[in-house]
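Below is one structure, written out as C-alpha coordinates; comments come after it.
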Amino acid sequence: AQTVTQSQPEMSVQEAETVTLSCTYDTSESDYYLFWYKQPPSRQMILVIRQEAYKQQNATENRFSVNFQKAAKSFSLKISDSQLGDAAMYFCAYRRGGAQKLVFGQGTRLTINP
Amino acid sequence: DAGVIQSPRHEVTEMGQEVTLRCKPISGHNSLFWYRQTMMRGLELLIYFNNNVPIDDSGMPEDRFSAKMPNASFSTLKIQPSEPRDSAVYFCASSLGLAGFNEQFFGPGTRLTVL
(Lines give C-alpha, C1' and ligand atoms only; values in the text may rest on other atoms or scores of the structure.)
Protein backbone atom coordinates (compact mmCIF):
# COMPACT_ATOMS: atom_id res chain seq x y z
CA ALA A 1 0.00 0.00 0.00
CA GLN A 2 1.14 3.50 -0.71
CA THR A 3 2.14 5.64 2.24
CA VAL A 4 2.97 9.30 2.62
CA THR A 5 5.17 10.56 5.43
CA GLN A 6 5.60 14.09 6.64
CA SER A 7 8.32 14.02 9.25
CA GLN A 8 7.86 17.56 10.54
CA PRO A 9 4.76 17.91 12.71
CA GLU A 10 5.45 21.62 13.15
CA MET A 11 7.54 24.26 11.45
CA SER A 12 7.93 27.97 11.97
CA VAL A 13 9.45 30.72 9.88
CA GLN A 14 9.89 34.46 10.04
CA GLU A 15 7.72 36.52 7.78
CA ALA A 16 9.39 37.14 4.39
CA GLU A 17 11.77 34.20 4.88
CA THR A 18 11.80 30.89 3.02
CA VAL A 19 10.68 27.58 4.48
CA THR A 20 10.75 24.03 3.15
CA LEU A 21 8.31 21.33 4.19
CA SER A 22 9.32 17.72 3.71
CA CYS A 23 7.35 14.81 2.30
CA THR A 24 8.36 11.30 1.35
CA TYR A 25 6.20 8.59 -0.11
CA ASP A 26 6.39 4.92 -0.78
CA THR A 27 5.09 3.40 -3.99
CA SER A 28 6.01 0.80 -6.57
CA GLU A 29 4.03 2.58 -9.25
CA SER A 30 5.62 4.64 -12.03
CA ASP A 31 2.52 6.64 -12.90
CA TYR A 32 1.30 8.86 -10.11
CA TYR A 33 0.56 12.40 -9.02
CA LEU A 34 1.63 14.35 -5.98
CA PHE A 35 -0.11 17.26 -4.32
CA TRP A 36 0.30 19.77 -1.55
CA TYR A 37 -2.87 20.96 0.16
CA LYS A 38 -3.18 23.84 2.60
CA GLN A 39 -5.68 23.79 5.44
CA PRO A 40 -6.01 27.16 7.20
CA PRO A 41 -7.94 27.56 10.46
CA SER A 42 -11.13 27.82 8.41
CA ARG A 43 -10.68 24.06 7.74
CA GLN A 44 -11.05 24.48 4.00
CA MET A 45 -8.67 22.23 2.07
CA ILE A 46 -7.02 24.23 -0.70
CA LEU A 47 -4.80 22.80 -3.41
CA VAL A 48 -1.48 24.62 -3.43
CA ILE A 49 0.54 22.82 -6.07
CA ARG A 50 0.67 19.53 -7.95
CA GLN A 51 3.22 17.45 -9.80
CA GLU A 52 3.00 14.65 -12.34
CA ALA A 53 5.54 11.91 -11.69
CA TYR A 54 6.59 11.65 -15.34
CA LYS A 55 7.59 15.31 -15.43
CA GLN A 56 11.14 16.01 -14.33
CA GLN A 57 10.60 19.73 -14.15
CA ASN A 58 9.59 20.91 -10.70
CA ALA A 59 6.20 22.59 -10.46
CA THR A 60 5.96 26.22 -9.39
CA GLU A 61 3.01 28.40 -8.45
CA ASN A 62 4.04 31.94 -7.61
CA ARG A 63 5.80 31.77 -4.23
CA PHE A 64 5.30 28.02 -3.97
CA SER A 65 7.59 25.49 -5.60
CA VAL A 66 8.42 21.84 -5.15
CA ASN A 67 11.59 19.81 -5.19
CA PHE A 68 10.56 16.50 -6.72
CA GLN A 69 13.17 13.77 -6.36
CA LYS A 70 11.61 10.71 -7.95
CA ALA A 71 14.40 8.26 -7.20
CA ALA A 72 14.43 9.31 -3.57
CA LYS A 73 10.61 9.42 -3.47
CA SER A 74 10.74 12.88 -2.01
CA PHE A 75 8.41 15.80 -2.69
CA SER A 76 9.21 18.88 -0.62
CA LEU A 77 7.37 22.20 -0.72
CA LYS A 78 9.25 25.49 -0.65
CA ILE A 79 7.45 28.65 0.32
CA SER A 80 9.34 31.81 -0.54
CA ASP A 81 8.70 35.24 0.97
CA SER A 82 6.47 33.74 3.65
CA GLN A 83 3.36 35.72 4.49
CA LEU A 84 1.14 35.67 7.55
CA GLY A 85 -1.62 34.18 5.42
CA ASP A 86 0.53 31.13 4.75
CA ALA A 87 0.01 29.95 8.31
CA ALA A 88 -1.86 26.67 8.07
CA MET A 89 -1.61 22.90 8.13
CA TYR A 90 0.02 21.58 4.99
CA PHE A 91 -0.73 18.12 3.70
CA CYS A 92 1.22 16.16 1.14
CA ALA A 93 -0.88 13.72 -0.88
CA TYR A 94 -0.32 10.94 -3.40
CA ARG A 95 -2.59 9.50 -6.06
CA ARG A 96 -1.81 6.58 -8.30
CA GLY A 97 -2.33 7.22 -11.99
CA GLY A 98 -5.74 6.04 -13.17
CA ALA A 99 -7.00 5.85 -9.61
CA GLN A 100 -9.18 8.24 -7.65
CA LYS A 101 -8.00 7.72 -4.10
CA LEU A 102 -5.82 10.36 -2.46
CA VAL A 103 -3.46 9.19 0.27
CA PHE A 104 -2.53 11.97 2.68
CA GLY A 105 0.39 12.49 4.99
CA GLN A 106 -0.15 13.46 8.61
CA GLY A 107 0.41 17.13 7.96
CA THR A 108 2.83 19.86 9.02
CA ARG A 109 1.61 22.85 11.00
CA LEU A 110 3.33 25.99 9.70
CA THR A 111 3.54 29.07 11.87
CA ILE A 112 4.61 32.43 10.47
CA ASN A 113 6.30 34.74 12.96
CA PRO A 114 5.81 38.46 12.26
CA ASP B 1 -19.08 29.47 -9.08
CA ALA B 2 -20.33 27.60 -6.06
CA GLY B 3 -17.89 25.16 -4.61
CA VAL B 4 -18.71 21.94 -2.81
CA ILE B 5 -21.47 22.60 -0.30
CA GLN B 6 -21.76 20.68 2.94
CA SER B 7 -24.36 20.84 5.65
CA PRO B 8 -24.50 21.22 8.52
CA ARG B 9 -21.19 22.93 9.30
CA HIS B 10 -21.39 21.79 12.89
CA GLU B 11 -23.33 18.97 14.46
CA VAL B 12 -23.53 18.05 18.11
CA THR B 13 -25.45 14.94 19.03
CA GLU B 14 -25.71 12.36 21.74
CA MET B 15 -24.44 8.84 21.56
CA GLY B 16 -26.91 6.53 19.91
CA GLN B 17 -28.52 9.16 17.75
CA GLU B 18 -28.62 9.04 13.97
CA VAL B 19 -26.53 11.62 12.17
CA THR B 20 -26.87 12.59 8.51
CA LEU B 21 -24.29 14.70 6.75
CA ARG B 22 -25.08 16.21 3.37
CA CYS B 23 -23.03 17.19 0.36
CA LYS B 24 -23.69 18.94 -2.92
CA PRO B 25 -20.79 18.50 -5.36
CA ILE B 26 -19.67 21.02 -7.93
CA SER B 27 -21.99 20.97 -10.92
CA GLY B 28 -20.60 18.82 -13.70
CA HIS B 29 -18.30 16.80 -11.46
CA ASN B 30 -18.91 13.08 -11.65
CA SER B 31 -16.81 11.81 -8.75
CA LEU B 32 -17.60 12.40 -5.11
CA PHE B 33 -15.54 11.54 -2.06
CA TRP B 34 -16.20 11.39 1.67
CA TYR B 35 -13.21 11.88 4.01
CA ARG B 36 -12.87 11.87 7.76
CA GLN B 37 -10.22 13.89 9.60
CA THR B 38 -9.14 13.13 13.15
CA MET B 39 -6.06 14.00 15.14
CA MET B 40 -5.13 10.36 15.55
CA ARG B 41 -5.69 9.07 12.03
CA GLY B 42 -5.40 12.21 9.90
CA LEU B 43 -7.37 12.39 6.66
CA GLU B 44 -8.91 9.12 5.61
CA LEU B 45 -10.99 8.31 2.55
CA LEU B 46 -14.22 6.66 3.61
CA ILE B 47 -15.94 6.07 0.30
CA TYR B 48 -16.11 7.46 -3.18
CA PHE B 49 -18.65 7.46 -5.98
CA ASN B 50 -18.26 7.70 -9.71
CA ASN B 51 -21.34 8.62 -11.71
CA ASN B 52 -23.45 8.11 -8.56
CA VAL B 53 -22.20 4.53 -8.11
CA PRO B 54 -20.13 3.58 -5.04
CA ILE B 55 -16.74 2.43 -6.28
CA ASP B 56 -14.69 1.90 -3.15
CA ASP B 57 -16.14 1.77 0.35
CA SER B 58 -13.22 -0.02 1.95
CA GLY B 59 -12.58 2.96 4.20
CA MET B 60 -16.00 2.89 5.82
CA PRO B 61 -15.18 1.96 9.40
CA GLU B 62 -18.15 -0.27 10.16
CA ASP B 63 -21.74 -1.04 9.35
CA ARG B 64 -22.94 1.93 11.33
CA PHE B 65 -21.73 4.09 8.45
CA SER B 66 -23.58 4.28 5.16
CA ALA B 67 -23.42 6.62 2.19
CA LYS B 68 -25.73 7.24 -0.70
CA MET B 69 -25.71 9.30 -3.85
CA PRO B 70 -29.23 9.28 -5.26
CA ASN B 71 -28.36 11.75 -8.02
CA ALA B 72 -25.45 13.71 -9.43
CA SER B 73 -26.04 16.72 -7.20
CA PHE B 74 -26.52 15.19 -3.76
CA SER B 75 -24.91 12.73 -1.39
CA THR B 76 -25.41 11.76 2.23
CA LEU B 77 -23.25 10.11 4.84
CA LYS B 78 -25.23 8.55 7.66
CA ILE B 79 -24.04 7.25 11.00
CA GLN B 80 -26.51 5.15 12.94
CA PRO B 81 -26.08 4.78 15.85
CA SER B 82 -23.42 7.39 16.49
CA GLU B 83 -20.64 6.90 19.04
CA PRO B 84 -18.22 9.34 20.69
CA ARG B 85 -15.33 7.94 18.64
CA ASP B 86 -17.11 9.14 15.50
CA SER B 87 -16.34 12.72 16.52
CA ALA B 88 -14.31 14.20 13.66
CA VAL B 89 -14.44 16.60 10.76
CA TYR B 90 -16.08 15.04 7.73
CA PHE B 91 -15.18 16.40 4.33
CA CYS B 92 -16.88 15.93 1.02
CA ALA B 93 -14.90 16.49 -2.17
CA SER B 94 -15.72 16.27 -5.84
CA SER B 95 -13.76 15.99 -9.06
CA LEU B 96 -14.17 15.63 -12.76
CA GLY B 97 -13.12 12.04 -12.37
CA LEU B 98 -11.34 11.29 -15.58
CA ALA B 99 -7.69 11.04 -16.54
CA GLY B 100 -5.04 13.48 -15.49
CA PHE B 101 -4.79 15.41 -12.28
CA ASN B 102 -8.42 14.84 -11.27
CA GLU B 103 -8.14 17.71 -8.83
CA GLN B 104 -10.41 17.13 -5.88
CA PHE B 105 -12.23 20.20 -4.63
CA PHE B 106 -13.11 20.02 -0.97
CA GLY B 107 -16.09 21.35 0.88
CA PRO B 108 -15.75 23.28 4.14
CA GLY B 109 -16.33 20.16 6.23
CA THR B 110 -18.79 19.23 8.94
CA ARG B 111 -17.47 19.12 12.49
CA LEU B 112 -19.29 16.31 14.26
CA THR B 113 -19.26 16.00 18.03
CA VAL B 114 -20.87 12.95 19.59
CA LEU B 115 -21.35 13.29 23.34
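Convention: chains lettered A, B, ... in C-alpha coordinates order; per-chain residue numbering from 1; ligands numbered from 1 as shown.
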
Give me, as CSV, each residue of chain B that comes within 8 Å of chain A, together with its shortest interatomic pair and the distance in Å at one decimal, counting only C-alpha atoms, with rows ordered by chain and rising residue number.
residue,atom,partner,partner_atom,distance
B:Arg41,CA,A:Gln106,CA,7.8
B:Gly42,CA,A:Gln106,CA,5.5
B:Leu43,CA,A:Phe104,CA,6.3
B:Glu44,CA,A:Phe104,CA,7.6
B:Leu45,CA,A:Lys101,CA,7.3
B:Gly97,CA,A:Gln100,CA,7.2
B:Ala99,CA,A:Gly98,CA,6.3
B:Gly100,CA,A:Gly97,CA,7.7
B:Phe101,CA,A:Tyr33,CA,6.9
B:Asn102,CA,A:Gln100,CA,7.6
B:Phe105,CA,A:Ile46,CA,7.7
B:Phe106,CA,A:Met45,CA,5.8
B:Gly107,CA,A:Gln44,CA,6.7
B:Pro108,CA,A:Gln44,CA,4.8
B:Gly109,CA,A:Arg43,CA,7.0

Restricted to N, CA and C atoms, what would the selected residues look like written as a PDB file, in the first residue's frame?
ATOM      1  N   ARG B  41      -5.795   9.808  13.284  1.00  0.00           N
ATOM      2  CA  ARG B  41      -5.690   9.073  12.027  1.00  0.00           C
ATOM      3  C   ARG B  41      -5.522   9.964  10.803  1.00  0.00           C
ATOM      4  N   GLY B  42      -5.566  11.298  11.026  1.00  0.00           N
ATOM      5  CA  GLY B  42      -5.397  12.206   9.900  1.00  0.00           C
ATOM      6  C   GLY B  42      -6.594  12.162   8.964  1.00  0.00           C
ATOM      7  N   LEU B  43      -6.330  12.380   7.679  1.00  0.00           N
ATOM      8  CA  LEU B  43      -7.371  12.387   6.657  1.00  0.00           C
ATOM      9  C   LEU B  43      -7.492  11.001   6.044  1.00  0.00           C
ATOM     10  N   GLU B  44      -8.682  10.456   6.141  1.00  0.00           N
ATOM     11  CA  GLU B  44      -8.913   9.118   5.605  1.00  0.00           C
ATOM     12  C   GLU B  44     -10.078   9.152   4.616  1.00  0.00           C
ATOM     13  N   LEU B  45      -9.901   8.458   3.507  1.00  0.00           N
ATOM     14  CA  LEU B  45     -10.993   8.314   2.555  1.00  0.00           C
ATOM     15  C   LEU B  45     -11.952   7.245   3.067  1.00  0.00           C
ATOM     16  N   GLY B  97     -13.893  13.263 -12.571  1.00  0.00           N
ATOM     17  CA  GLY B  97     -13.119  12.041 -12.366  1.00  0.00           C
ATOM     18  C   GLY B  97     -12.690  11.307 -13.592  1.00  0.00           C
ATOM     19  N   ALA B  99      -9.137  11.173 -16.570  1.00  0.00           N
ATOM     20  CA  ALA B  99      -7.694  11.041 -16.540  1.00  0.00           C
ATOM     21  C   ALA B  99      -7.047  12.349 -16.106  1.00  0.00           C
ATOM     22  N   GLY B 100      -5.787  12.278 -15.826  1.00  0.00           N
ATOM     23  CA  GLY B 100      -5.045  13.481 -15.488  1.00  0.00           C
ATOM     24  C   GLY B 100      -5.055  13.779 -14.010  1.00  0.00           C
ATOM     25  N   PHE B 101      -4.946  15.028 -13.682  1.00  0.00           N
ATOM     26  CA  PHE B 101      -4.793  15.411 -12.282  1.00  0.00           C
ATOM     27  C   PHE B 101      -6.013  15.084 -11.452  1.00  0.00           C
ATOM     28  N   ASN B 102      -7.202  15.128 -12.044  1.00  0.00           N
ATOM     29  CA  ASN B 102      -8.416  14.837 -11.267  1.00  0.00           C
ATOM     30  C   ASN B 102      -8.448  15.631  -9.981  1.00  0.00           C
ATOM     31  N   PHE B 105     -11.844  18.951  -5.266  1.00  0.00           N
ATOM     32  CA  PHE B 105     -12.232  20.201  -4.625  1.00  0.00           C
ATOM     33  C   PHE B 105     -12.999  19.846  -3.358  1.00  0.00           C
ATOM     34  N   PHE B 106     -12.544  20.385  -2.259  1.00  0.00           N
ATOM     35  CA  PHE B 106     -13.106  20.022  -0.970  1.00  0.00           C
ATOM     36  C   PHE B 106     -14.157  21.028  -0.516  1.00  0.00           C
ATOM     37  N   GLY B 107     -15.145  20.502   0.186  1.00  0.00           N
ATOM     38  CA  GLY B 107     -16.090  21.353   0.879  1.00  0.00           C
ATOM     39  C   GLY B 107     -15.506  21.854   2.184  1.00  0.00           C
ATOM     40  N   PRO B 108     -16.257  22.691   2.913  1.00  0.00           N
ATOM     41  CA  PRO B 108     -15.747  23.284   4.144  1.00  0.00           C
ATOM     42  C   PRO B 108     -15.731  22.328   5.329  1.00  0.00           C
ATOM     43  N   GLY B 109     -16.330  21.156   5.160  1.00  0.00           N
ATOM     44  CA  GLY B 109     -16.333  20.161   6.229  1.00  0.00           C
ATOM     45  C   GLY B 109     -17.487  20.334   7.205  1.00  0.00           C
TER      46      GLY B 109
END

Quiz prompt | Those of range 11-83 of chain A in DSSP strand (DSSP E), formatted as number ranges by chain | solution = A: 11-14, 19-21, 24-26, 32-39, 46-52, 60-61, 64-69, 74-79

Quiz item: Could you pull the residues within 7 Å of range 19-35 of chain B, counting only C-alpha atoms, minus those fewer than 5 positions along the same chain, as a PyMOL selection string?
Solution: chain B and resi 2-8+43-51+72-80+82+90-97

Dump N, CA and C atoms for the selected residues as a JSON list (two decimals), in the first residue's frame?
[["chain", "number", "residue", "atom", "x", "y", "z"],
["B", 2, "ALA", "N", -20.22, 28.20, -7.37],
["B", 2, "ALA", "CA", -20.33, 27.60, -6.06],
["B", 2, "ALA", "C", -19.38, 26.43, -5.98],
["B", 3, "GLY", "N", -18.75, 26.31, -4.83],
["B", 3, "GLY", "CA", -17.89, 25.16, -4.61],
["B", 3, "GLY", "C", -18.71, 24.01, -4.07],
["B", 4, "VAL", "N", -18.03, 23.06, -3.45],
["B", 4, "VAL", "CA", -18.71, 21.94, -2.81],
["B", 4, "VAL", "C", -19.41, 22.47, -1.56],
["B", 5, "ILE", "N", -20.67, 22.11, -1.42],
["B", 5, "ILE", "CA", -21.47, 22.60, -0.30],
["B", 5, "ILE", "C", -21.75, 21.44, 0.66],
["B", 6, "GLN", "N", -21.48, 21.69, 1.93],
["B", 6, "GLN", "CA", -21.76, 20.68, 2.94],
["B", 6, "GLN", "C", -22.66, 21.28, 4.02],
["B", 7, "SER", "N", -23.53, 20.42, 4.53],
["B", 7, "SER", "CA", -24.36, 20.84, 5.65],
["B", 7, "SER", "C", -24.62, 19.67, 6.58],
["B", 8, "PRO", "N", -24.75, 19.93, 7.87],
["B", 8, "PRO", "CA", -24.50, 21.22, 8.52],
["B", 8, "PRO", "C", -23.00, 21.47, 8.65],
["B", 43, "LEU", "N", -6.33, 12.38, 7.68],
["B", 43, "LEU", "CA", -7.37, 12.39, 6.66],
["B", 43, "LEU", "C", -7.49, 11.00, 6.04],
["B", 44, "GLU", "N", -8.68, 10.46, 6.14],
["B", 44, "GLU", "CA", -8.91, 9.12, 5.61],
["B", 44, "GLU", "C", -10.08, 9.15, 4.62],
["B", 45, "LEU", "N", -9.90, 8.46, 3.51],
["B", 45, "LEU", "CA", -10.99, 8.31, 2.55],
["B", 45, "LEU", "C", -11.95, 7.25, 3.07],
["B", 46, "LEU", "N", -13.22, 7.62, 3.16],
["B", 46, "LEU", "CA", -14.22, 6.66, 3.61],
["B", 46, "LEU", "C", -14.83, 5.91, 2.44],
["B", 47, "ILE", "N", -15.26, 6.66, 1.44],
["B", 47, "ILE", "CA", -15.94, 6.07, 0.30],
["B", 47, "ILE", "C", -15.89, 7.06, -0.85],
["B", 48, "TYR", "N", -15.92, 6.54, -2.08],
["B", 48, "TYR", "CA", -16.11, 7.46, -3.18],
["B", 48, "TYR", "C", -17.04, 6.87, -4.24],
["B", 49, "PHE", "N", -17.68, 7.79, -4.94],
["B", 49, "PHE", "CA", -18.65, 7.46, -5.98],
["B", 49, "PHE", "C", -18.15, 7.97, -7.32],
["B", 50, "ASN", "N", -18.49, 7.24, -8.35],
["B", 50, "ASN", "CA", -18.26, 7.70, -9.71],
["B", 50, "ASN", "C", -19.57, 7.55, -10.46],
["B", 51, "ASN", "N", -20.04, 8.64, -11.03],
["B", 51, "ASN", "CA", -21.34, 8.62, -11.71],
["B", 51, "ASN", "C", -22.44, 8.03, -10.82],
["B", 72, "ALA", "N", -26.76, 13.10, -9.20],
["B", 72, "ALA", "CA", -25.45, 13.71, -9.43],
["B", 72, "ALA", "C", -25.20, 14.94, -8.57],
["B", 73, "SER", "N", -26.22, 15.46, -7.92],
["B", 73, "SER", "CA", -26.04, 16.72, -7.20],
["B", 73, "SER", "C", -26.23, 16.57, -5.70],
["B", 74, "PHE", "N", -26.25, 15.34, -5.19],
["B", 74, "PHE", "CA", -26.52, 15.19, -3.76],
["B", 74, "PHE", "C", -25.99, 13.86, -3.23],
["B", 75, "SER", "N", -25.37, 13.94, -2.06],
["B", 75, "SER", "CA", -24.91, 12.73, -1.39],
["B", 75, "SER", "C", -25.10, 12.88, 0.11],
["B", 76, "THR", "N", -25.31, 11.76, 0.78],
["B", 76, "THR", "CA", -25.41, 11.76, 2.23],
["B", 76, "THR", "C", -24.48, 10.73, 2.83],
["B", 77, "LEU", "N", -24.01, 11.04, 4.02],
["B", 77, "LEU", "CA", -23.25, 10.11, 4.84],
["B", 77, "LEU", "C", -24.00, 9.99, 6.16],
["B", 78, "LYS", "N", -24.40, 8.77, 6.48],
["B", 78, "LYS", "CA", -25.23, 8.55, 7.66],
["B", 78, "LYS", "C", -24.48, 7.70, 8.66],
["B", 79, "ILE", "N", -24.62, 8.04, 9.91],
["B", 79, "ILE", "CA", -24.04, 7.25, 11.00],
["B", 79, "ILE", "C", -25.19, 6.88, 11.94],
["B", 80, "GLN", "N", -25.41, 5.60, 12.11],
["B", 80, "GLN", "CA", -26.51, 5.15, 12.94],
["B", 80, "GLN", "C", -26.17, 3.80, 13.57],
["B", 82, "SER", "N", -24.69, 6.69, 16.35],
["B", 82, "SER", "CA", -23.42, 7.39, 16.49],
["B", 82, "SER", "C", -22.76, 7.06, 17.83],
["B", 90, "TYR", "N", -15.76, 15.82, 8.92],
["B", 90, "TYR", "CA", -16.08, 15.04, 7.73],
["B", 90, "TYR", "C", -16.09, 15.96, 6.52],
["B", 91, "PHE", "N", -15.28, 15.61, 5.54],
["B", 91, "PHE", "CA", -15.18, 16.40, 4.33],
["B", 91, "PHE", "C", -15.81, 15.65, 3.16],
["B", 92, "CYS", "N", -16.43, 16.42, 2.31],
["B", 92, "CYS", "CA", -16.88, 15.93, 1.02],
["B", 92, "CYS", "C", -16.02, 16.63, -0.04],
["B", 93, "ALA", "N", -15.67, 15.92, -1.07],
["B", 93, "ALA", "CA", -14.90, 16.49, -2.17],
["B", 93, "ALA", "C", -15.47, 15.97, -3.48],
["B", 94, "SER", "N", -15.27, 16.75, -4.54],
["B", 94, "SER", "CA", -15.72, 16.27, -5.84],
["B", 94, "SER", "C", -14.65, 16.55, -6.88],
["B", 95, "SER", "N", -14.71, 15.80, -7.97],
["B", 95, "SER", "CA", -13.76, 15.99, -9.06],
["B", 95, "SER", "C", -14.40, 15.59, -10.37],
["B", 96, "LEU", "N", -13.79, 16.09, -11.43],
["B", 96, "LEU", "CA", -14.17, 15.63, -12.76],
["B", 96, "LEU", "C", -13.36, 14.38, -12.98],
["B", 97, "GLY", "N", -13.89, 13.26, -12.57],
["B", 97, "GLY", "CA", -13.12, 12.04, -12.37],
["B", 97, "GLY", "C", -12.69, 11.31, -13.59]]

Quiz item: What's the 9 Å shell around range 56-58 of chain A, counting only C-alpha atoms, without same-chain residues fewer than 2 positions away, as a list in words?
Solution: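 Counting only the stated atoms, we get Gln51, Glu52, Ala53, Tyr54, Thr60, Ser65, Val66, Asn67, Phe68, Gln69 and Lys70 of chain A.
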
Preceding selection exported with N, CA, C and O atoms as a tab-separated table (two decimals), in the first residue's frame:
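Dumped everything to again19.tsv:
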chain	number	residue	atom	x	y	z
A	51	GLN	N	2.10	17.91	-8.99
A	51	GLN	CA	3.22	17.45	-9.80
A	51	GLN	C	2.88	16.09	-10.41
A	51	GLN	O	2.40	15.20	-9.71
A	52	GLU	N	3.15	15.95	-11.69
A	52	GLU	CA	3.00	14.65	-12.34
A	52	GLU	C	4.34	13.91	-12.24
A	52	GLU	O	5.39	14.52	-12.49
A	53	ALA	N	4.31	12.65	-11.92
A	53	ALA	CA	5.54	11.91	-11.69
A	53	ALA	C	6.41	11.81	-12.94
A	53	ALA	O	7.63	11.74	-12.85
A	54	TYR	N	5.80	11.82	-14.12
A	54	TYR	CA	6.59	11.65	-15.34
A	54	TYR	C	7.28	12.94	-15.77
A	54	TYR	O	8.12	12.94	-16.66
A	60	THR	N	5.92	24.96	-10.13
A	60	THR	CA	5.96	26.22	-9.39
A	60	THR	C	4.61	26.92	-9.53
A	60	THR	O	3.97	26.83	-10.58
A	65	SER	N	6.91	26.37	-4.66
A	65	SER	CA	7.59	25.49	-5.60
A	65	SER	C	7.87	24.17	-4.90
A	65	SER	O	7.83	24.07	-3.67
A	66	VAL	N	8.12	23.16	-5.72
A	66	VAL	CA	8.42	21.84	-5.15
A	66	VAL	C	9.80	21.40	-5.61
A	66	VAL	O	10.32	21.85	-6.63
A	67	ASN	N	10.37	20.51	-4.81
A	67	ASN	CA	11.59	19.81	-5.19
A	67	ASN	C	11.22	18.33	-5.26
A	67	ASN	O	11.09	17.66	-4.24
A	68	PHE	N	11.02	17.87	-6.48
A	68	PHE	CA	10.56	16.50	-6.72
A	68	PHE	C	11.76	15.63	-7.05
A	68	PHE	O	12.41	15.83	-8.08
A	69	GLN	N	12.06	14.70	-6.18
A	69	GLN	CA	13.17	13.77	-6.36
A	69	GLN	C	12.58	12.37	-6.49
A	69	GLN	O	12.34	11.69	-5.48
A	70	LYS	N	12.36	11.96	-7.73
A	70	LYS	CA	11.61	10.71	-7.95
A	70	LYS	C	12.35	9.50	-7.41
A	70	LYS	O	11.75	8.61	-6.80

Quiz item: Rounded to one decimal in Å, what is the spacing between CA of Glu10 in chain A and CA of Ala88 in chain B?
Solution: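 Going from CA of Glu10 in chain A over to CA of Ala88 in chain B covers 21.1 Å.
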
Self-check item: Atom pair CA of Phe64 in chain A / CA of Met40 in chain B: separation (Å)
Solution: 28.3 Å
